[in-house]
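Below: start_6.pdb (PDB, C-alpha atoms and all ligand atoms)
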ATOM      1  CA  MET A   1      20.281 -20.586 -15.965
ATOM      2  CA  GLN A   2      18.338 -23.786 -15.371
ATOM      3  CA  ALA A   3      16.498 -22.480 -12.407
ATOM      4  CA  THR A   4      15.464 -24.831  -9.717
ATOM      5  CA  GLU A   5      18.242 -27.406  -9.548
ATOM      6  CA  THR A   6      21.161 -25.012  -9.661
ATOM      7  CA  MET A   7      20.174 -22.036  -7.552
ATOM      8  CA  ALA A   8      23.432 -20.198  -7.684
ATOM      9  CA  GLY A   9      22.871 -17.801  -4.823
ATOM     10  CA  PRO A  10      21.980 -14.135  -4.542
ATOM     11  CA  GLU A  11      25.138 -12.509  -5.865
ATOM     12  CA  HIS A  12      25.296 -14.798  -8.859
ATOM     13  CA  TYR A  13      21.678 -14.173  -9.779
ATOM     14  CA  LEU A  14      22.250 -10.435  -9.437
ATOM     15  CA  SER A  15      25.179 -10.555 -11.856
ATOM     16  CA  GLU A  16      23.100 -12.570 -14.320
ATOM     17  CA  LEU A  17      20.280 -10.031 -14.119
ATOM     18  CA  VAL A  18      22.713  -7.180 -14.646
ATOM     19  CA  ARG A  19      24.426  -8.931 -17.559
ATOM     20  CA  ALA A  20      21.017  -9.509 -19.166
ATOM     21  CA  GLY A  21      20.224  -5.814 -18.685
ATOM     22  CA  LEU A  22      17.108  -6.487 -16.600
ATOM     23  CA  LEU A  23      18.525  -4.598 -13.624
ATOM     24  CA  ILE A  24      20.730  -1.554 -14.089
ATOM     25  CA  PRO A  25      23.281  -1.050 -11.313
ATOM     26  CA  VAL A  26      24.031   2.441 -10.015
ATOM     27  CA  GLY A  27      26.628   1.605  -7.406
ATOM     28  CA  VAL A  28      24.443   1.115  -4.324
ATOM     29  CA  ASP A  29      23.364  -2.332  -3.146
ATOM     30  CA  GLY A  30      19.603  -2.585  -3.407
ATOM     31  CA  LEU A  31      19.149   0.432  -5.718
ATOM     32  CA  TYR A  32      18.651  -0.429  -9.392
ATOM     33  CA  GLY A  33      17.192   0.774 -12.601
ATOM     34  CA  ARG A  34      14.807  -1.594 -14.381
ATOM     35  CA  SER A  35      14.683  -2.497 -18.061
ATOM     36  CA  GLY A  36      11.638  -2.332 -20.310
ATOM     37  CA  ASP A  37      11.108  -6.092 -20.062
ATOM     38  CA  PHE A  38      11.345  -5.971 -16.286
ATOM     39  CA  GLU A  39       8.743  -3.200 -16.172
ATOM     40  CA  ASP A  40       6.488  -5.053 -18.631
ATOM     41  CA  VAL A  41       6.336  -7.968 -16.214
ATOM     42  CA  ILE A  42       5.620  -5.730 -13.224
ATOM     43  CA  GLU A  43       2.896  -3.865 -15.080
ATOM     44  CA  ALA A  44       1.296  -7.068 -16.333
ATOM     45  CA  PHE A  45       1.357  -8.658 -12.885
ATOM     46  CA  ASN A  46      -0.093  -5.492 -11.399
ATOM     47  CA  ASN A  47      -2.969  -5.736 -13.879
ATOM     48  CA  VAL A  48      -3.550  -9.349 -12.870
ATOM     49  CA  ILE A  49      -3.968  -8.248  -9.245
ATOM     50  CA  THR A  50      -6.395  -5.564 -10.348
ATOM     51  CA  ARG A  51      -8.472  -8.124 -12.249
ATOM     52  CA  LEU A  52      -8.458 -10.522  -9.288
ATOM     53  CA  GLY A  53      -9.872  -7.876  -6.950
ATOM     54  CA  ARG A  54     -12.125  -6.154  -9.480
ATOM     55  CA  ASP A  55     -15.438  -7.016  -7.863
ATOM     56  CA  ASP A  56     -14.315  -6.382  -4.289
ATOM     57  CA  GLY A  57     -15.239  -2.693  -4.273
ATOM     58  CA  ALA A  58     -11.907  -1.332  -3.108
ATOM     59  CA  GLU A  59     -11.297   2.395  -3.001
ATOM     60  CA  VAL A  60      -8.188   3.124  -5.038
ATOM     61  CA  MET A  61      -5.672   5.479  -3.398
ATOM     62  CA  ARG A  62      -2.263   6.329  -4.821
ATOM     63  CA  PHE A  63       0.298   8.219  -2.771
ATOM     64  CA  PRO A  64       3.806   9.256  -3.715
ATOM     65  CA  PRO A  65       6.373   7.288  -1.694
ATOM     66  CA  GLY A  66       6.393   9.785   1.165
ATOM     67  CA  LEU A  67       4.628   9.786   4.517
ATOM     68  CA  ASN A  68       3.698  12.738   6.694
ATOM     69  CA  ARG A  69       6.443  12.543   9.351
ATOM     70  CA  LEU A  70       3.862  13.045  12.100
ATOM     71  CA  HIS A  71       1.887  10.031  10.878
ATOM     72  CA  PHE A  72       5.103   8.051  10.690
ATOM     73  CA  GLU A  73       5.914   8.963  14.306
ATOM     74  CA  GLN A  74       2.412   8.013  15.424
ATOM     75  CA  SER A  75       2.566   4.653  13.631
ATOM     76  CA  GLU A  76       5.163   3.322  16.135
ATOM     77  CA  TYR A  77       7.307   2.152  13.226
ATOM     78  CA  LEU A  78      10.355   3.456  15.089
ATOM     79  CA  LYS A  79       9.535   1.238  18.032
ATOM     80  CA  SER A  80       9.628  -1.905  15.886
ATOM     81  CA  PHE A  81      11.878  -1.178  12.890
ATOM     82  CA  PRO A  82      14.194   1.788  13.577
ATOM     83  CA  GLN A  83      16.872   0.044  11.519
ATOM     84  CA  LEU A  84      14.800   0.119   8.320
ATOM     85  CA  ALA A  85      13.374   3.638   8.280
ATOM     86  CA  GLY A  86      14.456   6.245   5.764
ATOM     87  CA  THR A  87      13.872   9.913   6.539
ATOM     88  CA  VAL A  88      14.128  12.775   4.057
ATOM     89  CA  HIS A  89      16.533  15.530   5.090
ATOM     90  CA  SER A  90      17.304  18.832   3.370
ATOM     91  CA  PHE A  91      19.760  21.653   3.681
ATOM     92  CA  MET A  92      18.187  24.412   5.753
ATOM     93  CA  GLY A  93      21.154  26.646   6.517
ATOM     94  CA  GLY A  94      22.025  30.125   5.332
ATOM     95  CA  GLU A  95      24.900  31.373   3.186
ATOM     96  CA  CYS A  96      27.431  30.785   5.909
ATOM     97  CA  GLU A  97      26.446  27.151   6.266
ATOM     98  CA  HIS A  98      26.410  26.831   2.487
ATOM     99  CA  HIS A  99      30.028  27.957   2.283
ATOM    100  CA  GLU A 100      30.901  25.450   4.963
ATOM    101  CA  LEU A 101      29.004  22.736   3.104
ATOM    102  CA  LEU A 102      30.939  23.407  -0.103
ATOM    103  CA  ARG A 103      34.231  23.415   1.760
ATOM    104  CA  GLN A 104      33.409  20.076   3.390
ATOM    105  CA  LEU A 105      32.432  18.625   0.024
ATOM    106  CA  ALA A 106      35.621  19.861  -1.613
ATOM    107  CA  GLU A 107      37.765  18.433   1.161
ATOM    108  CA  GLY A 108      35.963  15.125   1.250
ATOM    109  CA  GLU A 109      34.620  15.713   4.758
ATOM    110  CA  ASP A 110      31.185  14.799   6.055
ATOM    111  CA  TRP A 111      28.895  17.468   4.560
ATOM    112  CA  THR A 112      25.612  16.196   6.020
ATOM    113  CA  GLY A 113      25.698  18.091   9.323
ATOM    114  CA  GLU A 114      23.373  20.841   8.100
ATOM    115  CA  GLN A 115      20.901  18.366   6.623
ATOM    116  CA  LYS A 116      17.788  18.727   8.777
ATOM    117  CA  PRO A 117      14.711  16.509   8.831
ATOM    118  CA  THR A 118      11.865  17.562   6.552
ATOM    119  CA  ASP A 119       8.228  16.691   7.208
ATOM    120  CA  ILE A 120       8.531  13.667   4.917
ATOM    121  CA  VAL A 121       9.584  10.105   5.658
ATOM    122  CA  ILE A 122       9.935   7.560   2.864
ATOM    123  CA  THR A 123       7.042   5.120   2.923
ATOM    124  CA  PRO A 124       8.135   1.802   4.471
ATOM    125  CA  ALA A 125       5.031  -0.149   3.388
ATOM    126  CA  ALA A 126       2.370   0.906   0.919
ATOM    127  CA  CYS A 127      -0.491   0.800   3.430
ATOM    128  CA  TYR A 128       0.974   3.266   5.955
ATOM    129  CA  PRO A 129      -0.487   6.493   4.504
ATOM    130  CA  ILE A 130      -4.087   5.329   4.519
ATOM    131  CA  TYR A 131      -4.890   4.754   8.189
ATOM    132  CA  PRO A 132      -4.763   8.377   9.394
ATOM    133  CA  VAL A 133      -6.573   9.418   6.213
ATOM    134  CA  LEU A 134      -9.424   6.991   6.885
ATOM    135  CA  ALA A 135      -9.524   7.835  10.579
ATOM    136  CA  ALA A 136      -9.975  11.505   9.731
ATOM    137  CA  ARG A 137     -13.156  10.650   7.830
ATOM    138  CA  GLY A 138     -14.878   9.444  10.991
ATOM    139  CA  ALA A 139     -16.397   6.035  11.747
ATOM    140  CA  LEU A 140     -16.219   3.435   8.980
ATOM    141  CA  PRO A 141     -19.292   2.634   6.920
ATOM    142  CA  SER A 142     -21.088  -0.532   7.957
ATOM    143  CA  GLY A 143     -19.283  -3.500   6.411
ATOM    144  CA  GLY A 144     -15.993  -1.680   6.863
ATOM    145  CA  LYS A 145     -13.669  -0.542   4.137
ATOM    146  CA  LEU A 146     -11.334  -1.913   1.502
ATOM    147  CA  VAL A 147      -8.473   0.114   0.047
ATOM    148  CA  ASP A 148      -6.172  -0.563  -2.890
ATOM    149  CA  VAL A 149      -2.707   1.030  -2.674
ATOM    150  CA  TYR A 150       0.481   0.838  -4.717
ATOM    151  CA  SER A 151       3.720   2.549  -3.898
ATOM    152  CA  TYR A 152       7.446   2.461  -4.031
ATOM    153  CA  CYS A 153       8.692   1.722  -0.517
ATOM    154  CA  PHE A 154      12.041   2.238   1.179
ATOM    155  CA  ARG A 155      13.770  -0.019   3.655
ATOM    156  CA  HIS A 156      17.358   0.402   4.687
ATOM    157  CA  GLU A 157      18.458  -3.168   4.175
ATOM    158  CA  PRO A 158      21.281  -2.971   1.600
ATOM    159  CA  SER A 159      22.043  -6.394   0.189
ATOM    160  CA  LYS A 160      23.636  -8.185  -2.754
ATOM    161  CA  ASP A 161      20.443 -10.199  -2.990
ATOM    162  CA  PRO A 162      18.471  -8.720  -5.904
ATOM    163  CA  ALA A 163      15.291  -9.755  -4.070
ATOM    164  CA  ARG A 164      16.194  -7.512  -1.135
ATOM    165  CA  MET A 165      16.121  -4.005  -2.511
ATOM    166  CA  GLN A 166      16.140  -0.699  -0.679
ATOM    167  CA  LEU A 167      13.555   0.823  -3.013
ATOM    168  CA  PHE A 168      10.893  -1.515  -4.357
ATOM    169  CA  ARG A 169       7.192  -1.548  -5.136
ATOM    170  CA  MET A 170       4.435  -2.959  -3.022
ATOM    171  CA  ARG A 171       0.855  -3.390  -4.203
ATOM    172  CA  GLU A 172      -1.567  -3.903  -1.355
ATOM    173  CA  HIS A 173      -5.187  -4.429  -0.578
ATOM    174  CA  VAL A 174      -6.069  -3.318   2.929
ATOM    175  CA  ARG A 175      -9.182  -4.301   4.849
ATOM    176  CA  ILE A 176     -10.454  -2.262   7.757
ATOM    177  CA  GLY A 177     -13.407  -3.470   9.797
ATOM    178  CA  SER A 178     -14.448  -5.978  12.450
ATOM    179  CA  PRO A 179     -12.059  -8.826  13.360
ATOM    180  CA  GLU A 180     -14.293 -11.264  11.449
ATOM    181  CA  GLU A 181     -14.319  -9.094   8.332
ATOM    182  CA  VAL A 182     -10.573  -8.624   8.172
ATOM    183  CA  VAL A 183      -9.769 -12.272   8.940
ATOM    184  CA  ALA A 184     -12.141 -13.401   6.183
ATOM    185  CA  PHE A 185     -10.447 -10.959   3.804
ATOM    186  CA  ARG A 186      -7.064 -12.442   4.618
ATOM    187  CA  GLU A 187      -8.360 -15.970   3.976
ATOM    188  CA  THR A 188      -9.705 -14.920   0.588
ATOM    189  CA  TRP A 189      -6.360 -13.463  -0.482
ATOM    190  CA  LEU A 190      -4.375 -16.411   0.864
ATOM    191  CA  GLU A 191      -6.446 -18.581  -1.447
ATOM    192  CA  ARG A 192      -6.046 -16.154  -4.347
ATOM    193  CA  GLY A 193      -2.300 -15.987  -3.710
ATOM    194  CA  ARG A 194      -1.984 -19.767  -3.929
ATOM    195  CA  MET A 195      -4.043 -19.800  -7.112
ATOM    196  CA  LEU A 196      -1.971 -17.015  -8.632
ATOM    197  CA  ALA A 197       1.370 -18.672  -7.871
ATOM    198  CA  THR A 198       0.059 -21.927  -9.332
ATOM    199  CA  GLU A 199      -1.063 -20.207 -12.518
ATOM    200  CA  LEU A 200       2.265 -18.391 -12.768
ATOM    201  CA  GLY A 201       3.959 -21.782 -12.877
ATOM    202  CA  VAL A 202       6.358 -21.200  -9.979
ATOM    203  CA  PRO A 203       7.024 -23.517  -7.027
ATOM    204  CA  PHE A 204       5.831 -22.036  -3.742
ATOM    205  CA  GLU A 205       4.862 -22.665  -0.170
ATOM    206  CA  VAL A 206       2.821 -20.710   2.348
ATOM    207  CA  ASP A 207       4.172 -20.417   5.872
ATOM    208  CA  VAL A 208       3.739 -18.426   9.073
ATOM    209  CA  ALA A 209       6.291 -15.661   9.431
ATOM    210  CA  ASN A 210       7.362 -12.792  11.613
ATOM    211  CA  ASP A 211       8.623  -9.285  11.026
ATOM    212  CA  PRO A 212      12.227  -8.379  11.958
ATOM    213  CA  PHE A 213      11.292  -6.489  15.147
ATOM    214  CA  PHE A 214      14.272  -4.644  16.586
ATOM    215  CA  GLY A 215      16.189  -5.609  19.688
ATOM    216  CA  ARG A 216      15.467  -7.845  22.653
ATOM    217  CA  ALA A 217      11.869  -6.726  23.129
ATOM    218  CA  GLY A 218      11.491  -7.334  19.405
ATOM    219  CA  ARG A 219      12.250 -11.016  19.791
ATOM    220  CA  MET A 220       9.212 -11.353  22.010
ATOM    221  CA  LEU A 221       7.038  -9.445  19.559
ATOM    222  CA  ALA A 222       8.228 -11.720  16.763
ATOM    223  CA  ALA A 223       7.502 -14.875  18.757
ATOM    224  CA  ASN A 224       4.074 -13.551  19.647
ATOM    225  CA  GLN A 225       3.340 -12.718  16.014
ATOM    226  CA  ARG A 226       4.131 -16.294  15.032
ATOM    227  CA  ASP A 227       2.221 -17.879  17.908
ATOM    228  CA  GLN A 228      -0.867 -15.940  16.946
ATOM    229  CA  ASN A 229      -0.507 -16.623  13.204
ATOM    230  CA  LEU A 230      -0.628 -12.912  12.485
ATOM    231  CA  LYS A 231       1.620 -13.050   9.417
ATOM    232  CA  PHE A 232       1.718 -15.516   6.535
ATOM    233  CA  GLU A 233       4.020 -15.382   3.566
ATOM    234  CA  LEU A 234       3.880 -16.984   0.171
ATOM    235  CA  LEU A 235       7.458 -18.007  -0.491
ATOM    236  CA  ILE A 236       9.023 -18.746  -3.877
ATOM    237  CA  PRO A 237      12.587 -19.992  -4.327
ATOM    238  CA  ILE A 238      14.523 -17.276  -6.156
ATOM    239  CA  THR A 239      18.149 -17.583  -5.087
ATOM    240  CA  SER A 240      17.886 -20.571  -2.761
ATOM    241  CA  LYS A 241      15.699 -23.627  -2.517
ATOM    242  CA  GLU A 242      16.285 -23.955   1.223
ATOM    243  CA  ARG A 243      15.512 -20.302   1.888
ATOM    244  CA  PRO A 244      12.759 -19.257  -0.489
ATOM    245  CA  THR A 245      11.813 -15.579  -0.738
ATOM    246  CA  ALA A 246       8.630 -13.983   0.574
ATOM    247  CA  CYS A 247       6.848 -12.647  -2.499
ATOM    248  CA  MET A 248       3.430 -12.033  -0.962
ATOM    249  CA  SER A 249       2.538 -11.253   2.667
ATOM    250  CA  PHE A 250      -0.770 -11.611   4.456
ATOM    251  CA  ASN A 251      -0.762  -9.556   7.619
ATOM    252  CA  TYR A 252      -3.288  -9.217  10.413
ATOM    253  CA  HIS A 253      -2.467  -6.147  12.538
ATOM    254  CA  GLN A 254      -5.339  -6.745  14.980
ATOM    255  CA  ASP A 255      -6.283  -3.372  16.534
ATOM    256  CA  HIS A 256      -2.764  -1.872  16.300
ATOM    257  CA  PHE A 257      -3.565   0.845  13.754
ATOM    258  CA  GLY A 258      -7.168   1.138  14.906
ATOM    259  CA  GLU A 259      -6.006   2.057  18.424
ATOM    260  CA  ILE A 260      -3.327   4.486  17.287
ATOM    261  CA  TRP A 261      -5.624   6.543  15.047
ATOM    262  CA  HIS A 262      -8.936   5.812  16.782
ATOM    263  CA  MET A 263     -10.432   4.143  13.743
ATOM    264  CA  GLN A 264     -13.941   3.035  14.566
ATOM    265  CA  THR A 265     -16.313   0.574  12.988
ATOM    266  CA  ALA A 266     -19.910   1.598  12.318
ATOM    267  CA  ALA A 267     -20.809  -0.310  15.493
ATOM    268  CA  GLY A 268     -18.469   1.902  17.525
ATOM    269  CA  THR A 269     -15.772  -0.688  18.215
ATOM    270  CA  VAL A 270     -12.075  -0.250  17.503
ATOM    271  CA  ALA A 271     -11.398  -1.206  13.884
ATOM    272  CA  HIS A 272      -9.091  -4.107  13.098
ATOM    273  CA  THR A 273      -6.940  -4.103   9.966
ATOM    274  CA  ALA A 274      -5.250  -6.594   7.677
ATOM    275  CA  CYS A 275      -3.373  -6.248   4.428
ATOM    276  CA  VAL A 276      -2.155  -8.396   1.592
ATOM    277  CA  GLY A 277       1.086  -7.119   0.088
ATOM    278  CA  PHE A 278       2.625  -8.143  -3.215
ATOM    279  CA  GLY A 279       6.358  -7.587  -3.615
ATOM    280  CA  MET A 280       6.295  -6.585  -7.283
ATOM    281  CA  GLU A 281      10.027  -6.869  -7.983
ATOM    282  CA  ARG A 282      10.208 -10.171  -6.128
ATOM    283  CA  VAL A 283       7.401 -11.654  -8.205
ATOM    284  CA  ALA A 284       9.143 -10.475 -11.382
ATOM    285  CA  LEU A 285      12.474 -11.900 -10.193
ATOM    286  CA  ALA A 286      10.780 -15.216  -9.400
ATOM    287  CA  LEU A 287       9.266 -15.354 -12.887
ATOM    288  CA  PHE A 288      12.601 -14.558 -14.542
ATOM    289  CA  ARG A 289      14.250 -17.195 -12.379
ATOM    290  CA  HIS A 290      11.825 -19.967 -13.250
ATOM    291  CA  HIS A 291      10.889 -19.094 -16.845
ATOM    292  CA  GLY A 292      14.133 -17.554 -18.053
ATOM    293  CA  PHE A 293      15.149 -14.086 -19.222
ATOM    294  CA  ASP A 294      13.428 -14.258 -22.613
ATOM    295  CA  LEU A 295       9.783 -13.228 -22.191
ATOM    296  CA  LYS A 296       8.865 -14.710 -25.563
ATOM    297  CA  ALA A 297      10.019 -18.124 -24.357
ATOM    298  CA  TRP A 298       7.827 -18.103 -21.245
ATOM    299  CA  PRO A 299       5.127 -20.807 -21.037
ATOM    300  CA  GLU A 300       2.094 -19.914 -23.101
ATOM    301  CA  SER A 301      -0.246 -20.156 -20.080
ATOM    302  CA  VAL A 302       1.871 -17.706 -18.112
ATOM    303  CA  ARG A 303       2.071 -15.277 -21.034
ATOM    304  CA  LYS A 304      -1.681 -15.557 -21.443
ATOM    305  CA  LEU A 305      -2.354 -14.811 -17.773
ATOM    306  CA  LEU A 306      -0.039 -11.801 -17.849
ATOM    307  CA  TRP A 307      -0.697 -10.343 -21.289
ATOM    308  CA  GLY A 308      -4.026 -11.857 -22.363
TER     309      GLY A 308
HETATM  310  P1  LIG B   1      11.344 -10.367   4.323
HETATM  311  O1  LIG B   1      10.991 -11.294   5.427
HETATM  312  O2  LIG B   1      11.885 -11.058   3.107
HETATM  313  O3  LIG B   1      12.215  -9.247   4.782
HETATM  314  P2  LIG B   1       9.039  -8.825   4.833
HETATM  315  O4  LIG B   1       8.377  -9.702   5.830
HETATM  316  O5  LIG B   1       9.866  -7.729   5.389
HETATM  317  O6  LIG B   1       9.960  -9.710   3.836
HETATM  318  P3  LIG B   1       6.665  -7.349   4.278
HETATM  319  O7  LIG B   1       7.063  -6.362   5.302
HETATM  320  O8  LIG B   1       5.540  -8.250   4.598
HETATM  321  O9  LIG B   1       7.958  -8.237   3.872
HETATM  322  O10 LIG B   1       6.421  -6.600   2.897
HETATM  323  C1  LIG B   1       5.432  -7.002   1.940
HETATM  324  C2  LIG B   1       6.071  -7.560   0.678
HETATM  325  O11 LIG B   1       7.032  -6.655   0.148
HETATM  326  C3  LIG B   1       6.865  -8.846   0.935
HETATM  327  O12 LIG B   1       6.042  -9.966   0.848
HETATM  328  C4  LIG B   1       7.882  -8.823  -0.181
HETATM  329  O13 LIG B   1       7.359  -9.448  -1.330
HETATM  330  C5  LIG B   1       8.102  -7.363  -0.450
HETATM  331  N1  LIG B   1       9.379  -6.903   0.142
HETATM  332  C6  LIG B   1       9.666  -6.709   1.440
HETATM  333  N2  LIG B   1      10.915  -6.278   1.617
HETATM  334  C7  LIG B   1      11.455  -6.187   0.356
HETATM  335  C8  LIG B   1      12.728  -5.793  -0.155
HETATM  336  N3  LIG B   1      13.700  -5.400   0.662
HETATM  337  N4  LIG B   1      12.915  -5.817  -1.492
HETATM  338  C9  LIG B   1      11.937  -6.216  -2.323
HETATM  339  N5  LIG B   1      10.715  -6.608  -1.908
HETATM  340  C10 LIG B   1      10.464  -6.587  -0.586
HETATM  341 ZN    ZN B   2       0.298  -3.282   4.682
HETATM  342 MG    MG B   3      11.811  -7.555   5.756
END
Whole structure given in structure tokens:
Amino acid sequence: MQATETMAGPEHYLSELVRAGLLIPVGVDGLYGRSGDFEDVIEAFNNVITRLGRDDGAEVMRFPPGLNRLHFEQSEYLKSFPQLAGTVHSFMGGECEHHELLRQLAEGEDWTGEQKPTDIVITPAACYPIYPVLAARGALPSGGKLVDVYSYCFRHEPSKDPARMQLFRMREHVRIGSPEEVVAFRETWLERGRMLATELGVPFEVDVANDPFFGRAGRMLAANQRDQNLKFELLIPITSKERPTACMSFNYHQDHFGEIWHMQTAAGTVAHTACVGFGMERVALALFRHHGFDLKAWPESVRKLLWG
């Protein structure tokens, strides 16, 4: 597994990870258990992020990986990414429907007809729950607001690429304030991201990017996002040198969320927002790729950064 020269491709890396016991397959592409070592790396990296942002004064908020369906509808996620969303459905029938359900199950038929939408949608990105919560508090304090979130997220993008999971963790810092405040925040984290990747001893590049907006109208949104430099990614080769993987994202949403939820700055203007998102599994996978599967054999400097 001599990383960088012989990047053997997504499926091969997945089988290596499974053989080493780092990922535990359950029969669905993109849904895995994680080993103790894998979790140690995630936890240590998470602590590094915490230390990096310690003096920033972020408010810590932790939500389970579920969104209020109403907030999800308001967010316009379905306009841009209907293909990725995961909704939670439950059986809401009576005894009659239950009998029918059991019959369908027994006969191998589709049993999901009586599954009706609940009020919960699985969180697609860690920052989604916070905007309506902040908006409900009234205008922002002067200087705006900084929030620290961490959540499992769901995206329906099944893949044999271990770096493209359906359920994965995203740690984010989110800045809400004037355009100047949020752009400055993004610059700070871009610099921190570069520093972090350097200290972690992995090759990387930073590039403009776009989100996979759905459909024909989506292509225009994507082009616009690039033209305006609204999204940057820090990319690390994990399964391909030519197509490195986005491990950190730096997103400027302009007034998108501010408009939707009427978030106001102290000065009475529509709040702008930006977030930095760390793909926790992707960072771990990048470290395993470049430093090997044996944590004890990782470079001393990397071990020191992660575990002190
Ligand atoms: P990609 O272009 O690879 O699909 P993305 O642009 O969709 O990534 P974001 O929406 O910016 O990613 O999400 C923030 C971070 O979450 C990404 O930088 C990445 O590290 C991580 N991430 C996104 N999608 C996945 C996934 N399917 N599996 C694991 N991590 C992911
Ligand atoms: Zn975000
Ligand atoms: Mg994506």
Carefully work through the PyMOL selection byres (((not hetatm)) within 12 of (chain B and resi 3)) for this structure and note down the residues it includes, as JSON, numbers by chain. {"A": [80, 81, 83, 84, 85, 124, 125, 153, 154, 155, 156, 157, 158, 159, 163, 164, 165, 166, 168, 209, 210, 211, 212, 213, 214, 233, 245, 246, 247, 248, 249, 279]}
The selected residues should be written to file as a tab-separated table (two decimals), keeping the file's coordinate frame (atoms: C-alpha atoms).
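So again_17.tsv came out as:
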chain	number	residue	atom	x	y	z
A	80	SER	CA	9.63	-1.90	15.89
A	81	PHE	CA	11.88	-1.18	12.89
A	83	GLN	CA	16.87	0.04	11.52
A	84	LEU	CA	14.80	0.12	8.32
A	85	ALA	CA	13.37	3.64	8.28
A	124	PRO	CA	8.14	1.80	4.47
A	125	ALA	CA	5.03	-0.15	3.39
A	153	CYS	CA	8.69	1.72	-0.52
A	154	PHE	CA	12.04	2.24	1.18
A	155	ARG	CA	13.77	-0.02	3.66
A	156	HIS	CA	17.36	0.40	4.69
A	157	GLU	CA	18.46	-3.17	4.18
A	158	PRO	CA	21.28	-2.97	1.60
A	159	SER	CA	22.04	-6.39	0.19
A	163	ALA	CA	15.29	-9.76	-4.07
A	164	ARG	CA	16.19	-7.51	-1.14
A	165	MET	CA	16.12	-4.00	-2.51
A	166	GLN	CA	16.14	-0.70	-0.68
A	168	PHE	CA	10.89	-1.52	-4.36
A	209	ALA	CA	6.29	-15.66	9.43
A	210	ASN	CA	7.36	-12.79	11.61
A	211	ASP	CA	8.62	-9.28	11.03
A	212	PRO	CA	12.23	-8.38	11.96
A	213	PHE	CA	11.29	-6.49	15.15
A	214	PHE	CA	14.27	-4.64	16.59
A	233	GLU	CA	4.02	-15.38	3.57
A	245	THR	CA	11.81	-15.58	-0.74
A	246	ALA	CA	8.63	-13.98	0.57
A	247	CYS	CA	6.85	-12.65	-2.50
A	248	MET	CA	3.43	-12.03	-0.96
A	249	SER	CA	2.54	-11.25	2.67
A	279	GLY	CA	6.36	-7.59	-3.62
Tell me, as a compact mmCIF listing (two decimals) with C-alpha atoms, in the coordinates of the input, which residues lie within 7 Å of stretch 18-25 of chain A, counting all atoms listed in the file; anything in the same chain fewer than 4 positions away does not count.
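After the write, out_6.txt holds the following:
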# COMPACT_ATOMS: atom_id res chain seq x y z
CA LEU A 14 22.25 -10.44 -9.44
CA TYR A 32 18.65 -0.43 -9.39
CA GLY A 33 17.19 0.77 -12.60
CA ARG A 34 14.81 -1.59 -14.38
CA SER A 35 14.68 -2.50 -18.06
CA ASP A 37 11.11 -6.09 -20.06
CA PHE A 38 11.34 -5.97 -16.29
For stretch 53-58 of chain A, please output as a list of chain:residue names all residues within 12 Å (counting all atoms listed in the file; exclusion window: fewer than 2 positions along the same chain).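 Those residues are A:Asn46, A:Asn47, A:Val48, A:Ile49, A:Thr50, A:Arg51, A:Val60, A:Met61, A:Gly143, A:Gly144, A:Lys145, A:Leu146, A:Val147, A:Asp148, A:Val149, A:Arg171, A:Glu172, A:His173, A:Val174, A:Arg175, A:Ile176, A:Phe185, A:Thr188, A:Trp189, A:Arg192, A:Gly193, A:Val276.
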Selected residue of minimal separation from A:Val183 among A:Cys275, A:Leu235, A:Met195, A:Val208, counting all atoms listed in the file: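 Result for the nearest residue to A:Val183: A:Cys275.
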Of the listed residues A:Ser178, A:Leu221, A:Arg243, A:Ala44, that which approaches A:Leu140 most closely, counting only C-alpha atoms: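 Using only C-alpha atoms, the shortest distance to A:Leu140 belongs to A:Ser178.
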Just to confirm, what's the straight-line distance from atom CA of A:His256 to atom CA of A:Ala222 in Å (one decimal)?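 Atom-to-atom, atom CA of A:His256 and atom CA of A:Ala222 are spaced 14.8 Å apart.
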I'd like to see the residues matched by the PyMOL selection byres (((chain A and resi 112) around 12) and not hetatm) on this file, and ideally I'd get them as a list of chain:residue names.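 Applied to this file, the PyMOL selection byres (((chain A and resi 112) around 12) and not hetatm) returns A:His89, A:Ser90, A:Phe91, A:Met92, A:Gly93, A:Glu97, A:His98, A:Glu100, A:Leu101, A:Leu102, A:Gln104, A:Leu105, A:Gly108, A:Glu109, A:Asp110, A:Trp111, A:Gly113, A:Glu114, A:Gln115, A:Lys116, A:Pro117.
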Measuring between only C-alpha atoms and all ligand atoms, which one of A:Leu234, A:Leu70, A:Leu31, A:Cys127 shows the shortest distance to ligand ZN 2 (chain B)? A:Cys127
With only C-alpha atoms as the atoms that count, which of A:Glu73, A:His253, A:Thr239, A:Glu281 lies nearest to A:Asp161?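 Closest to A:Asp161, using only C-alpha atoms: A:Thr239.
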A:Leu52, A:Lys79, A:Asp294, A:Glu187: which is nearest A:Gly218, counting only C-alpha atoms?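 The closest residue to A:Gly218 is A:Lys79.
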Could you tell me how far atom N3 of ligand LIG 1 (chain B) sits from atom CA of A:His272, in Å to one decimal place? 26.0 Å
Point out the residue among A:Pro129, A:Pro10, A:Gly94, A:Gly138 with the least atom-to-atom distance to A:Gly66, counting only C-alpha atoms.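 Closest to A:Gly66 of all the choices is A:Pro129.
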Listed atoms of stretch 206-215 of chain A boxed axis-aligned with 3 Å per side, centre + edges as lines of an AutoDock Vina configuration file:
center_x = 9.5
center_y = -12.7
center_z = 11.0
size_x = 19.4
size_y = 22.1
size_z = 23.3
Gap from atom O4 of ligand LIG 1 (chain B) to atom CA of A:His291 - Å, one decimal: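 Separating atom O4 of ligand LIG 1 (chain B) from atom CA of A:His291 is a distance of 24.7 Å.
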Please check which residues have atoms at most 8 Å from (-0.5, 8.1, 11.9) in the file's coordinates, counting all atoms listed in the file, and write them as a list in words.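 Within 8 Å of (-0.5, 8.1, 11.9), the protein and nucleic acid residues are Leu70, His71, Phe72, Glu73, Gln74, Ser75, Tyr128, Pro129, Tyr131, Pro132, Ile260 and Trp261 of chain A.
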